[in-house]
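Data file: run_20.txt. Format and content: compact mmCIF, C-alpha atoms.
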```txt
# COMPACT_ATOMS: atom_id res chain seq x y z
CA MET A 1058 -38.90 19.27 -52.15
CA SER A 1059 -37.85 22.75 -53.24
CA SER A 1060 -35.56 22.67 -56.24
CA TYR A 1061 -34.75 26.32 -56.81
CA LYS A 1062 -31.16 25.81 -55.65
CA ASN A 1063 -30.60 23.86 -58.85
CA TYR A 1064 -31.16 27.03 -60.80
CA LEU A 1065 -28.27 28.79 -59.13
CA ILE A 1066 -26.11 26.02 -60.47
CA THR A 1067 -27.74 26.43 -63.88
CA SER A 1068 -27.00 30.14 -63.72
CA ALA A 1069 -23.39 29.54 -62.80
CA LEU A 1070 -22.97 27.04 -65.62
CA PHE A 1071 -24.56 29.44 -68.07
CA PHE A 1072 -22.12 32.13 -66.98
CA SER A 1073 -19.16 29.82 -67.34
CA LEU A 1074 -20.13 29.21 -70.95
CA THR A 1075 -20.96 32.78 -71.91
CA GLY A 1076 -19.42 35.11 -69.35
CA CYS A 1077 -15.90 35.28 -70.70
CA SER A 1078 -16.76 36.11 -74.29
CA ASN A 1079 -15.51 39.45 -75.56
CA SER A 1080 -18.36 41.79 -76.41
CA GLU A 1081 -17.79 44.52 -78.93
CA VAL A 1082 -18.57 48.22 -78.56
CA SER A 1083 -21.81 48.86 -80.40
CA ILE A 1084 -24.53 51.36 -80.94
CA PRO A 1085 -27.26 51.11 -78.25
CA ASN A 1086 -30.42 49.16 -79.15
CA ASN A 1087 -28.73 47.25 -81.98
CA LYS A 1088 -29.49 43.55 -81.71
CA VAL A 1089 -27.22 40.51 -81.89
CA HIS A 1090 -28.61 37.07 -82.72
CA ILE A 1091 -27.36 34.10 -80.68
CA ASN A 1092 -29.03 30.71 -81.20
CA ASN A 1093 -31.82 32.51 -83.10
CA THR A 1094 -32.55 34.72 -80.07
CA ALA A 1095 -32.27 38.49 -80.51
CA PHE A 1096 -30.47 40.28 -77.68
CA VAL A 1097 -29.80 43.97 -77.22
CA LYS A 1098 -26.05 44.65 -77.41
CA GLN A 1099 -24.46 46.73 -74.69
CA ASN A 1100 -22.10 49.66 -74.76
CA ILE A 1101 -18.92 48.01 -73.51
CA LYS A 1102 -16.29 50.19 -71.85
CA TYR A 1103 -12.57 49.56 -72.10
CA PHE A 1104 -10.83 48.84 -68.78
CA ASN A 1105 -7.08 48.24 -69.02
CA ALA A 1106 -6.87 46.33 -65.68
CA GLU A 1107 -9.70 43.96 -66.57
CA ASP A 1108 -7.56 40.82 -66.89
CA GLU A 1109 -5.81 41.42 -63.55
CA TYR A 1110 -9.12 42.06 -61.80
CA ILE A 1111 -10.57 38.84 -63.24
CA MET A 1112 -7.59 36.85 -61.93
CA TYR A 1113 -7.98 38.34 -58.45
CA ALA A 1114 -11.74 37.73 -58.43
CA LEU A 1115 -11.34 34.10 -59.46
CA GLU A 1116 -8.54 33.51 -56.95
CA TYR A 1117 -10.52 34.95 -54.04
CA GLU A 1118 -13.55 32.94 -55.14
CA SER A 1119 -11.50 29.71 -55.23
CA GLN A 1120 -10.37 30.50 -51.67
CA LYS A 1121 -14.03 31.01 -50.70
CA LYS A 1122 -13.39 34.67 -49.88
CA TYR A 1123 -16.68 35.58 -51.45
CA GLU A 1124 -17.05 39.08 -49.97
CA THR A 1125 -13.80 40.23 -51.56
CA SER A 1126 -14.45 38.37 -54.80
CA ARG A 1127 -17.90 39.84 -55.32
CA GLU A 1128 -16.64 43.40 -54.76
CA ILE A 1129 -14.05 42.89 -57.48
CA TYR A 1130 -16.74 41.55 -59.81
CA PHE A 1131 -18.82 44.63 -59.10
CA LYS A 1132 -15.87 46.92 -59.93
CA LEU A 1133 -15.40 44.98 -63.15
CA PHE A 1134 -19.05 45.53 -64.01
CA LYS A 1135 -18.93 49.25 -63.27
CA ASN A 1136 -15.72 49.70 -65.26
CA THR A 1137 -16.67 47.58 -68.28
CA ASN A 1138 -20.47 47.52 -68.33
CA LYS A 1139 -20.26 43.76 -68.98
CA TYR A 1140 -23.29 42.13 -67.42
CA GLU A 1141 -21.61 38.78 -66.92
CA TYR A 1142 -19.71 40.41 -64.05
CA LEU A 1143 -22.95 41.64 -62.53
CA VAL A 1144 -24.27 38.07 -62.71
CA ASN A 1145 -21.25 36.82 -60.79
CA TYR A 1146 -21.68 39.58 -58.23
CA LEU A 1147 -25.35 38.67 -57.73
CA ASN A 1148 -24.56 34.95 -57.58
CA LEU A 1149 -22.02 35.45 -54.80
CA SER A 1150 -24.35 37.80 -52.96
CA PHE A 1151 -27.02 35.13 -53.04
CA LEU A 1152 -24.49 32.58 -51.84
CA LEU A 1153 -23.71 34.91 -48.93
CA LYS A 1154 -27.46 35.17 -48.22
CA ASP A 1155 -27.32 38.89 -48.89
CA TYR A 1156 -30.76 38.84 -50.49
CA LYS A 1157 -31.42 42.55 -50.04
CA ASN A 1158 -28.29 43.30 -52.01
CA VAL A 1159 -29.40 41.00 -54.83
CA GLU A 1160 -32.81 42.64 -54.85
CA LYS A 1161 -31.33 46.12 -54.90
CA TYR A 1162 -28.73 45.70 -57.65
CA ALA A 1163 -30.68 43.31 -59.85
CA SER A 1164 -33.52 45.84 -59.85
CA LEU A 1165 -31.22 48.83 -60.32
CA TYR A 1166 -29.34 47.45 -63.32
CA MET A 1167 -32.00 45.25 -64.93
CA ILE A 1168 -32.25 45.81 -68.69
CA GLU A 1169 -34.80 44.14 -70.94
CA ASN A 1170 -33.69 41.80 -73.73
CA ILE A 1171 -30.04 41.40 -72.85
CA LYS A 1172 -28.34 38.01 -72.86
CA GLN A 1173 -28.08 37.85 -69.05
CA GLU A 1174 -31.66 38.96 -68.36
CA GLU A 1175 -32.98 35.48 -67.61
CA ILE A 1176 -30.27 34.71 -65.02
CA ILE A 1177 -30.63 38.10 -63.34
CA LEU A 1178 -34.40 37.73 -63.26
CA LYS A 1179 -34.08 34.32 -61.61
CA LEU A 1180 -31.71 35.57 -58.93
CA TYR A 1181 -33.93 38.59 -58.33
CA THR A 1182 -37.03 36.39 -58.00
CA LEU A 1183 -35.30 33.99 -55.62
CA SER A 1184 -34.17 36.86 -53.44
CA LEU A 1185 -37.73 38.17 -53.28
CA LEU A 1186 -38.79 34.70 -52.18
CA LYS A 1187 -36.14 34.66 -49.46
CA LEU A 1188 -37.28 38.10 -48.33
CA ASN A 1189 -40.84 36.77 -48.00
CA LYS A 1190 -42.18 39.15 -50.66
CA LYS A 1191 -44.74 36.67 -51.90
CA GLU A 1192 -46.72 38.79 -54.40
CA GLU A 1193 -43.60 40.20 -56.07
CA THR A 1194 -42.03 36.74 -56.18
CA ILE A 1195 -44.97 35.31 -58.09
CA LYS A 1196 -45.14 38.36 -60.36
CA TYR A 1197 -41.54 38.06 -61.54
CA ALA A 1198 -41.56 34.26 -61.68
CA LYS A 1199 -44.55 34.51 -64.04
CA LYS A 1200 -42.69 37.10 -66.09
CA LEU A 1201 -39.77 34.70 -66.36
CA VAL A 1202 -42.04 31.92 -67.61
CA SER A 1203 -43.84 34.09 -70.14
CA LYS A 1204 -40.69 35.73 -71.48
CA PHE A 1205 -38.34 32.74 -71.50
CA TYR A 1206 -40.50 29.80 -72.44
CA HIS A 1207 -38.92 26.47 -71.60
CA GLU A 1208 -39.48 23.69 -69.09
CA THR A 1209 -36.86 24.84 -66.56
CA ASN A 1210 -38.72 28.06 -65.97
CA HIS A 1211 -42.03 26.28 -65.45
CA ILE A 1212 -40.20 24.09 -62.94
CA PHE A 1213 -38.75 27.24 -61.40
CA LEU A 1214 -42.20 28.77 -60.93
CA ALA A 1215 -43.60 25.43 -59.78
CA SER A 1216 -40.84 25.13 -57.16
CA ILE A 1217 -41.65 28.59 -55.86
CA TYR A 1218 -45.33 27.68 -55.54
CA LEU A 1219 -44.23 24.54 -53.75
CA ASP A 1220 -42.06 26.52 -51.36
CA LEU A 1221 -45.02 28.80 -50.70
CA ARG A 1222 -47.23 25.72 -50.14
CA GLU A 1223 -49.51 26.59 -53.02
CA TYR A 1224 -49.65 22.96 -54.08
CA GLU A 1225 -52.39 23.08 -56.71
CA LYS A 1226 -50.59 25.84 -58.62
CA SER A 1227 -47.29 24.04 -58.20
CA GLU A 1228 -48.77 20.86 -59.66
CA GLU A 1229 -50.20 22.86 -62.58
CA GLU A 1230 -46.80 24.38 -63.45
CA PHE A 1231 -45.00 21.04 -63.16
CA GLU A 1232 -47.60 19.62 -65.56
CA LYS A 1233 -46.76 22.37 -68.06
CA ALA A 1234 -43.07 21.55 -67.73
CA TYR A 1235 -43.80 17.85 -68.20
CA LYS A 1236 -45.67 18.52 -71.45
CA ILE A 1237 -42.47 20.08 -72.77
CA ASP A 1238 -39.73 17.78 -71.46
CA LYS A 1239 -41.51 14.46 -70.64
CA SER A 1240 -38.92 14.02 -67.89
CA ILE A 1241 -39.31 11.13 -65.43
CA ASN A 1242 -37.99 13.42 -62.68
CA THR A 1243 -40.75 15.92 -63.38
CA LEU A 1244 -43.32 13.13 -63.39
CA GLN A 1245 -41.98 11.90 -60.04
CA THR A 1246 -42.41 15.37 -58.58
CA ILE A 1247 -45.97 15.65 -59.92
CA THR A 1248 -47.02 12.28 -58.52
CA ASN A 1249 -45.40 13.12 -55.19
CA ILE A 1250 -47.37 16.36 -54.99
CA GLN A 1251 -50.57 14.55 -55.95
CA TYR A 1252 -50.01 11.86 -53.34
CA TYR A 1253 -48.90 14.01 -50.43
CA TYR A 1254 -50.48 17.43 -50.99
CA THR A 1255 -53.38 17.59 -53.43
CA ASN A 1256 -55.38 14.57 -52.24
CA LYS A 1257 -55.02 12.61 -55.49
CA LYS A 1258 -53.42 9.44 -54.18
CA GLU A 1259 -55.19 7.00 -56.47
CA LYS A 1260 -54.65 9.20 -59.52
CA SER A 1261 -50.97 9.44 -58.62
CA LYS A 1262 -50.53 5.68 -58.34
CA LYS A 1263 -52.56 4.96 -61.49
CA ARG A 1264 -50.44 7.40 -63.46
CA MET A 1265 -47.22 5.81 -62.26
CA ILE A 1266 -48.46 2.31 -63.07
CA GLU A 1267 -49.39 3.34 -66.61
CA PHE A 1268 -46.02 5.00 -67.13
CA ILE A 1269 -43.78 2.26 -65.74
CA GLU A 1270 -45.62 -0.49 -67.64
CA LYS A 1271 -45.09 1.36 -70.91
CA ASN A 1272 -41.50 2.39 -70.18
CA SER A 1273 -39.72 -0.74 -68.88
CA TYR A 1274 -40.14 0.02 -65.18
CA PRO A 1275 -37.85 3.04 -64.49
CA PHE A 1276 -36.23 2.16 -61.18
CA ASN A 1277 -36.75 5.33 -59.12
CA LEU A 1278 -40.35 5.79 -60.21
CA SER A 1279 -41.07 2.13 -59.49
CA LEU A 1280 -39.56 2.50 -56.03
CA GLN A 1281 -41.74 5.54 -55.44
CA LEU A 1282 -44.82 3.50 -56.32
CA LEU A 1283 -43.56 0.77 -53.99
CA SER A 1284 -43.26 3.28 -51.16
CA PHE A 1285 -46.84 4.42 -51.76
CA TYR A 1286 -48.04 0.82 -51.55
CA GLU A 1287 -46.18 0.54 -48.25
CA LYS A 1288 -47.77 3.70 -46.86
CA ASP A 1289 -51.24 2.61 -47.94
CA LYS A 1290 -50.66 -0.92 -46.55
CA GLU A 1291 -51.35 -2.48 -49.95
CA LYS A 1292 -49.05 -5.42 -49.24
CA GLY A 1293 -50.63 -7.61 -51.89
CA LYS A 1294 -49.31 -5.29 -54.63
CA ILE A 1295 -45.69 -5.07 -53.45
CA ILE A 1296 -44.30 -8.49 -54.38
CA PRO A 1297 -46.04 -8.59 -57.83
CA LEU A 1298 -44.52 -5.17 -58.61
CA LEU A 1299 -41.04 -6.26 -57.51
CA GLU A 1300 -41.34 -9.46 -59.55
CA LYS A 1301 -42.24 -7.47 -62.68
CA MET A 1302 -39.28 -5.14 -62.04
CA TYR A 1303 -36.95 -8.09 -61.49
CA PHE A 1304 -37.83 -9.90 -64.71
CA GLU A 1305 -37.83 -6.66 -66.72
CA TYR A 1306 -34.29 -5.80 -65.57
CA LYS A 1307 -33.13 -9.39 -66.01
CA TYR A 1308 -34.46 -9.57 -69.57
CA ASN A 1309 -32.88 -6.22 -70.50
CA ASN A 1310 -29.56 -6.88 -68.69
CA LYS A 1311 -30.02 -3.90 -66.37
CA ASN A 1312 -27.76 -5.44 -63.73
CA ARG A 1313 -27.41 -2.27 -61.67
CA TYR A 1314 -31.14 -2.31 -60.93
CA LEU A 1315 -31.50 -6.08 -61.08
CA PHE A 1316 -29.37 -6.72 -57.99
CA LYS A 1317 -31.08 -4.01 -55.95
CA THR A 1318 -34.50 -5.33 -56.92
CA GLU A 1319 -33.43 -8.90 -56.22
CA ASP A 1320 -32.38 -7.88 -52.71
CA LEU A 1321 -35.67 -6.05 -52.05
CA LEU A 1322 -37.80 -8.86 -53.45
CA THR A 1323 -35.96 -11.47 -51.38
CA ARG A 1324 -36.50 -9.47 -48.20
CA TYR A 1325 -40.21 -9.10 -48.82
CA LEU A 1326 -40.54 -12.79 -49.68
CA ILE A 1327 -38.69 -13.77 -46.49
CA ASN A 1328 -41.01 -11.58 -44.41
CA GLU A 1329 -44.02 -13.25 -46.04
CA ASN A 1330 -42.81 -16.85 -46.22
CA SER A 1331 -39.30 -18.36 -46.13
CA GLU A 1332 -40.28 -21.24 -48.40
CA LYS A 1333 -41.52 -18.80 -51.06
CA ALA A 1334 -38.21 -16.98 -50.88
CA ILE A 1335 -36.29 -20.24 -51.30
CA ILE A 1336 -38.40 -21.29 -54.28
CA PHE A 1337 -37.85 -17.91 -55.97
CA LEU A 1338 -34.08 -17.96 -55.39
CA GLU A 1339 -33.71 -21.57 -56.54
CA LYS A 1340 -35.94 -21.11 -59.58
CA ASN A 1341 -33.90 -18.10 -60.73
CA ASN A 1342 -30.51 -19.63 -59.90
CA ILE A 1343 -29.70 -16.91 -57.39
CA GLU A 1344 -26.92 -18.50 -55.35
CA SER A 1345 -26.29 -16.09 -52.49
CA SER A 1346 -25.51 -15.93 -48.80
CA VAL A 1347 -29.19 -15.08 -48.25
CA LEU A 1348 -30.16 -18.49 -49.62
CA VAL A 1349 -27.58 -20.11 -47.32
CA THR A 1350 -29.24 -18.41 -44.34
CA LEU A 1351 -32.67 -19.54 -45.49
CA TYR A 1352 -31.45 -23.12 -45.84
CA LYS A 1353 -30.01 -22.98 -42.32
CA ASN A 1354 -33.15 -21.42 -40.86
CA THR A 1355 -35.30 -24.17 -42.42
CA ASN A 1356 -32.87 -26.91 -41.36
CA GLN A 1357 -31.88 -27.78 -44.94
CA LEU A 1358 -28.24 -28.18 -43.90
CA ASN A 1359 -27.18 -30.41 -46.77
CA LYS A 1360 -28.32 -27.79 -49.31
CA ALA A 1361 -26.60 -25.10 -47.24
CA SER A 1362 -23.31 -27.03 -47.27
CA LEU A 1363 -23.43 -27.65 -51.02
CA LEU A 1364 -24.19 -23.99 -51.73
CA LEU A 1365 -21.40 -22.83 -49.40
CA ASP A 1366 -19.00 -25.08 -51.29
CA LYS A 1367 -20.06 -23.47 -54.59
CA LEU A 1368 -19.77 -19.96 -53.19
CA TYR A 1369 -16.33 -20.65 -51.73
CA LYS A 1370 -15.01 -22.07 -55.01
CA LYS A 1371 -16.48 -19.15 -56.89
CA THR A 1372 -15.22 -16.36 -54.61
CA ASN A 1373 -12.42 -17.82 -52.42
CA ASN A 1374 -14.15 -16.11 -49.50
CA LEU A 1375 -12.95 -17.97 -46.41
CA GLU A 1376 -16.12 -17.05 -44.49
CA TYR A 1377 -17.99 -19.54 -46.68
CA LEU A 1378 -15.47 -22.27 -45.85
CA GLY A 1379 -15.78 -21.54 -42.13
CA GLN A 1380 -19.58 -21.75 -42.28
CA GLN A 1381 -19.34 -24.99 -44.22
CA ALA A 1382 -17.06 -26.52 -41.57
CA ILE A 1383 -19.65 -25.74 -38.86
CA ILE A 1384 -22.53 -27.21 -40.87
CA ASP A 1385 -20.57 -30.32 -41.87
CA PHE A 1386 -19.79 -31.02 -38.21
CA LYS A 1387 -23.41 -30.45 -37.16
CA MET A 1388 -24.74 -32.76 -39.89
CA ALA A 1389 -22.33 -35.64 -39.25
CA LYS A 1390 -23.94 -38.61 -37.52
CA ASN A 1391 -20.48 -40.00 -36.71
CA LYS A 1392 -18.60 -36.83 -35.85
CA GLU A 1393 -15.27 -38.55 -35.37
CA MET A 1394 -15.37 -39.50 -39.06
CA VAL A 1395 -15.38 -35.83 -40.14
CA LEU A 1396 -12.97 -34.42 -37.55
CA ASP A 1397 -9.96 -34.31 -39.87
CA THR A 1398 -11.77 -32.53 -42.74
CA VAL A 1399 -13.56 -30.09 -40.41
CA ILE A 1400 -10.35 -29.21 -38.53
CA SER A 1401 -8.53 -28.81 -41.86
CA LYS A 1402 -11.15 -26.31 -43.02
CA PHE A 1403 -11.01 -24.32 -39.78
CA ASP A 1404 -7.19 -24.29 -39.95
CA LYS A 1405 -7.31 -22.94 -43.51
CA VAL A 1406 -9.70 -20.20 -42.45
CA LEU A 1407 -7.96 -19.17 -39.23
CA ASN A 1408 -4.56 -19.20 -40.89
CA LYS A 1409 -5.72 -16.17 -42.92
CA ILE A 1410 -8.40 -14.42 -40.84
CA SER A 1411 -9.30 -13.95 -37.18
CA ASN A 1412 -12.89 -14.89 -36.39
CA PRO A 1413 -13.98 -15.59 -32.79
CA ILE A 1414 -16.86 -17.86 -33.87
CA TYR A 1415 -14.55 -20.18 -35.79
CA GLU A 1416 -11.90 -19.96 -33.06
CA ASN A 1417 -14.45 -21.06 -30.46
CA TYR A 1418 -15.78 -23.86 -32.66
CA LEU A 1419 -12.33 -25.30 -33.38
CA ALA A 1420 -11.30 -24.84 -29.73
CA TYR A 1421 -14.30 -26.82 -28.55
CA ILE A 1422 -13.60 -29.69 -30.97
CA LEU A 1423 -9.93 -29.86 -29.94
CA ILE A 1424 -10.89 -29.83 -26.25
CA ASP A 1425 -13.96 -32.07 -26.30
CA TYR A 1426 -12.26 -34.80 -28.34
CA ASP A 1427 -8.98 -34.49 -26.36
CA LEU A 1428 -7.10 -33.70 -29.57
CA ASP A 1429 -5.09 -30.66 -28.45
CA ILE A 1430 -6.36 -29.12 -25.20
CA LYS A 1431 -3.49 -26.64 -24.98
CA ARG A 1432 -4.19 -25.23 -28.46
CA GLY A 1433 -7.91 -25.25 -27.73
CA LEU A 1434 -7.40 -23.08 -24.64
CA SER A 1435 -5.18 -20.71 -26.62
CA LEU A 1436 -7.85 -20.33 -29.33
CA ILE A 1437 -10.74 -19.74 -26.93
CA LYS A 1438 -8.78 -17.15 -24.95
CA LYS A 1439 -8.12 -15.33 -28.23
CA ALA A 1440 -11.85 -15.39 -29.04
CA LEU A 1441 -12.72 -14.10 -25.56
CA MET A 1442 -10.46 -11.09 -26.05
CA LEU A 1443 -12.94 -9.91 -28.69
CA GLU A 1444 -16.13 -11.11 -26.97
CA PRO A 1445 -15.40 -11.37 -23.24
CA ASN A 1446 -19.07 -11.79 -22.23
CA ASN A 1447 -20.01 -14.47 -24.74
CA LEU A 1448 -21.45 -17.34 -22.64
CA ALA A 1449 -20.75 -19.98 -25.28
CA PHE A 1450 -17.09 -18.95 -25.30
CA ILE A 1451 -16.91 -18.98 -21.48
CA ASP A 1452 -18.44 -22.47 -21.49
CA THR A 1453 -15.71 -23.65 -23.90
CA LEU A 1454 -13.04 -22.09 -21.68
CA ALA A 1455 -14.43 -23.76 -18.56
CA TRP A 1456 -14.59 -27.11 -20.34
CA GLY A 1457 -10.99 -26.71 -21.49
CA GLU A 1458 -9.86 -25.83 -17.98
CA TYR A 1459 -11.68 -28.90 -16.65
CA LYS A 1460 -9.97 -31.09 -19.24
CA ASN A 1461 -6.67 -29.51 -18.24
CA ASN A 1462 -7.35 -30.38 -14.55
CA ASP A 1463 -7.71 -26.70 -13.58
CA CYS A 1464 -10.90 -27.41 -11.61
CA LYS A 1465 -10.89 -24.19 -9.58
CA ASN A 1466 -10.94 -21.84 -12.59
CA ALA A 1467 -13.24 -24.20 -14.48
CA TYR A 1468 -15.78 -23.91 -11.62
CA ILE A 1469 -15.49 -20.06 -11.48
CA ASN A 1470 -16.11 -19.71 -15.22
CA MET A 1471 -18.80 -22.39 -15.48
CA LYS A 1472 -20.72 -20.78 -12.61
CA LYS A 1473 -20.91 -17.55 -14.67
CA VAL A 1474 -22.57 -19.53 -17.46
CA VAL A 1475 -25.00 -21.34 -15.17
CA ASP A 1476 -25.94 -18.15 -13.30
CA SER A 1477 -26.78 -16.42 -16.59
CA ALA A 1478 -28.17 -19.24 -18.75
CA GLY A 1479 -29.47 -21.79 -16.24
CA LEU A 1480 -29.31 -25.56 -16.72
CA GLU A 1481 -31.91 -26.16 -19.44
CA ASP A 1482 -29.25 -26.84 -22.08
CA LYS A 1483 -28.09 -30.47 -21.84
CA GLU A 1484 -24.48 -29.66 -22.63
CA ILE A 1485 -24.26 -26.90 -20.03
CA LYS A 1486 -25.81 -29.24 -17.46
CA LEU A 1487 -23.30 -31.99 -18.29
CA HIS A 1488 -20.33 -29.61 -18.03
CA TRP A 1489 -21.61 -28.20 -14.74
CA GLU A 1490 -22.03 -31.62 -13.15
CA LYS A 1491 -18.59 -32.80 -14.28
CA ILE A 1492 -16.86 -29.62 -13.08
CA LYS A 1493 -18.62 -29.73 -9.69
CA GLU A 1494 -17.39 -33.29 -9.21
CA CYS A 1495 -13.90 -32.18 -10.17
CA VAL A 1496 -13.91 -29.45 -7.49
CA LYS A 1497 -15.08 -31.90 -4.81
```
If you took the structure in this file and wrote it as structure tokens, what would it be?
Amino acid sequence: MSSYKNYLITSALFFSLTGCSNSEVSIPNNKVHINNTAFVKQNIKYFNAEDEYIMYALEYESQKKYETSREIYFKLFKNTNKYEYLVNYLNLSFLLKDYKNVEKYASLYMIENIKQEEIILKLYTLSLLKLNKKEETIKYAKKLVSKFYHETNHIFLASIYLDLREYEKSEEEFEKAYKIDKSINTLQTITNIQYYYTNKKEKSKKRMIEFIEKNSYPFNLSLQLLSFYEKDKEKGKIIPLLEKMYFEYKYNNKNRYLFKTEDLLTRYLINENSEKAIIFLEKNNIESSVLVTLYKNTNQLNKASLLLDKLYKKTNNLEYLGQQAIIDFKMAKNKEMVLDTVISKFDKVLNKISNPIYENYLAYILIDYDLDIKRGLSLIKKALMLEPNNLAFIDTLAWGEYKNNDCKNAYINMKKVVDSAGLEDKEIKLHWEKIKECVK
């Protein structure tokens, strides 16, 4: 939950924008105004090797040789009195987890009302936190908030309270930040704290509901509410929430969130009732592989075949054509009437992709109907290379060997199937009886 690492990045970005500006030599305690903020100007010293030192420092930093780089930055600071170099030195020291060094030099060189004061104060406070100096950490974090008033510093103090497990105070500071920035991320953090740490679960959920209903169901906040419903076993609230999200995103063309919500809603509907899921998908014209599966699971094979045909024409995905071939063969009352079209579909699929399920299916058709036993055996052996223990595949192989008058091997392979699966399946029983007769 702690977010103070983000502020190191903020500090680095701030330096990249301001650190390379040329400061002028000036009289101490004069003030310069930047963005309407008055800063004390520094006495800058001339250092003729400054540019070369900067190049070395940056090069070592890019090579992740932080020890060397930070020492060069410190020399630059001592020779120029430019505090942007001190900031870089402290940043790298923090990165190296040299918190005592950050504490020492931030404290030693801290000056009030300079442009870099806020960054230095943050790094100093974070180091105190890492050094487990709780009272001092809070003291300087509060100073940061009072002196540099904006939401990021309230979040900074709030994150420190959170790290110290002072959850009530953390919540209070995040609330102050939220009053300033009205950020959804800040609100998410507040509601998380309320739910998990400050015993305000119902308040947390109520607040999220009010916000998402007024603000077009922000996706991450809505998911957070969904997760709370899950944890509290409020199953009756999950699907209505997902439905509201779905129609909100659909109406506003938020496709990125629409598809994710559609997937979640479908899963929940399936878990509750397959028929409800089918009705939802059909009603909203959601033609997907999920709907194909639902049709197959509820034995609506004709609908599954028609949808597979649409999906194949729309996407040219051969997997859809392969599935359609299987369903068409299963549905046919007179299977011999559909052999040519089914085989044609399997041929089209297997000419482009290798799929053991389709290879086994086509192999069985070629063998069982005495169309091309040799090719059928070749296909099933190819499928078995990928799934050598698949009993359905071994059954097809045994049946092909029987049809090819190789009774000995047919018996060996069929026995493996019978020993594992038994004789409850009518087809297995038929094959076993025929192969035993063949051996005799």
Computed gap from CA of Tyr1130 (chain A) to CA of Leu1152 (chain A) is 14.3 Å
Find the residues around region 1482-1490 of chain A up to 10 Å (all atoms listed in the file counted), leave out those fewer than 2 positions away in its own chain, and share them as a count of residues only.
19
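The interatomic distance for the pair CA of Ile1437 (chain A) and CA of Pro1413 (chain A) works out to 7.9 Å.
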If I put a ball of radius 10 Å at (-35.1, 36.3, -54.8) in the file's coordinates, which residues poke into it when counting only C-alpha atoms, written as a PDB file with C-alpha atoms, in the coordinates of the input?
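result_38.pdb written:
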```pdb
ATOM      1  CA  PHE A1151     -27.020  35.130 -53.040  1.00  0.00           C
ATOM      2  CA  TYR A1156     -30.760  38.840 -50.490  1.00  0.00           C
ATOM      3  CA  LYS A1157     -31.420  42.550 -50.040  1.00  0.00           C
ATOM      4  CA  VAL A1159     -29.400  41.000 -54.830  1.00  0.00           C
ATOM      5  CA  GLU A1160     -32.810  42.640 -54.850  1.00  0.00           C
ATOM      6  CA  ALA A1163     -30.680  43.310 -59.850  1.00  0.00           C
ATOM      7  CA  ILE A1177     -30.630  38.100 -63.340  1.00  0.00           C
ATOM      8  CA  LEU A1178     -34.400  37.730 -63.260  1.00  0.00           C
ATOM      9  CA  LYS A1179     -34.080  34.320 -61.610  1.00  0.00           C
ATOM     10  CA  LEU A1180     -31.710  35.570 -58.930  1.00  0.00           C
ATOM     11  CA  TYR A1181     -33.930  38.590 -58.330  1.00  0.00           C
ATOM     12  CA  THR A1182     -37.030  36.390 -58.000  1.00  0.00           C
ATOM     13  CA  LEU A1183     -35.300  33.990 -55.620  1.00  0.00           C
ATOM     14  CA  SER A1184     -34.170  36.860 -53.440  1.00  0.00           C
ATOM     15  CA  LEU A1185     -37.730  38.170 -53.280  1.00  0.00           C
ATOM     16  CA  LEU A1186     -38.790  34.700 -52.180  1.00  0.00           C
ATOM     17  CA  LYS A1187     -36.140  34.660 -49.460  1.00  0.00           C
ATOM     18  CA  LEU A1188     -37.280  38.100 -48.330  1.00  0.00           C
ATOM     19  CA  ASN A1189     -40.840  36.770 -48.000  1.00  0.00           C
ATOM     20  CA  LYS A1190     -42.180  39.150 -50.660  1.00  0.00           C
ATOM     21  CA  GLU A1193     -43.600  40.200 -56.070  1.00  0.00           C
ATOM     22  CA  THR A1194     -42.030  36.740 -56.180  1.00  0.00           C
ATOM     23  CA  TYR A1197     -41.540  38.060 -61.540  1.00  0.00           C
ATOM     24  CA  ALA A1198     -41.560  34.260 -61.680  1.00  0.00           C
TER      25      ALA A1198
END
```
For CA of Lys1317 (chain A) and CA of Ile1384 (chain A), quote the distance in Å rounded to one decimal.
29.0 Å
Env of Asn1354 (chain A): 12 Å cut, atoms = only C-alpha atoms, seq-sep filter 4 positions within chain, self excluded. Answer as a list in words.
Ile1327, Asn1330, Ser1331, Glu1332, Ile1335, Val1347, Leu1348, Val1349, Thr1350, Leu1358, Lys1360 and Ala1361 of chain A
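Neighbouring residues of region 1416-1431 of chain A at 9 Å or closer, counting all atoms listed in the file and skipping chain neighbours under 4 positions away, are A:Ile1383, A:Glu1393, A:Leu1396, A:Val1399, A:Ile1400, A:Phe1403, A:Asp1404, A:Leu1407, A:Ser1411, A:Asn1412, A:Ser1435, A:Leu1436, A:Ile1437, A:Lys1438, A:Lys1439, A:Ala1440, A:Leu1441, A:Ala1449, A:Phe1450, A:Thr1453, A:Leu1454, A:Trp1456, A:Gly1457, A:Glu1458, A:Lys1460, A:Asn1461.
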Given 8 Å on each side, where is the centre and what are the edge lengths in Å to one decimal of the axis-aligned box enclosing the listed atoms of region 1390-1396 of chain A, as lines of an AutoDock Vina configuration file?
```
center_x = -18.5
center_y = -37.2
center_z = -37.8
size_x = 27.0
size_y = 21.6
size_z = 20.8
```
Who sits within 9 Å of region 1237-1241 of chain A, all atoms listed in the file, same chain under 2 positions skipped, as number ranges by chain:
A: 1207-1208, 1232-1235, 1243-1246, 1275, 1277-1278
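By all atoms listed in the file, and with residues fewer than 5 positions from Asn1256 (chain A) along its chain excluded, the set lying at most 12 Å from it is Tyr1224, Glu1225, Glu1228, Thr1248, Asn1249, Ile1250, Gln1251, Ser1261 and Lys1262 of chain A.
Of the residues under consideration (A:Asp1476, A:Glu1192, A:Glu1376, A:Asp1385), A:Asp1385 shows the shortest atom-to-atom contact distance to Thr1398 (chain A) when counting all atoms listed in the file.
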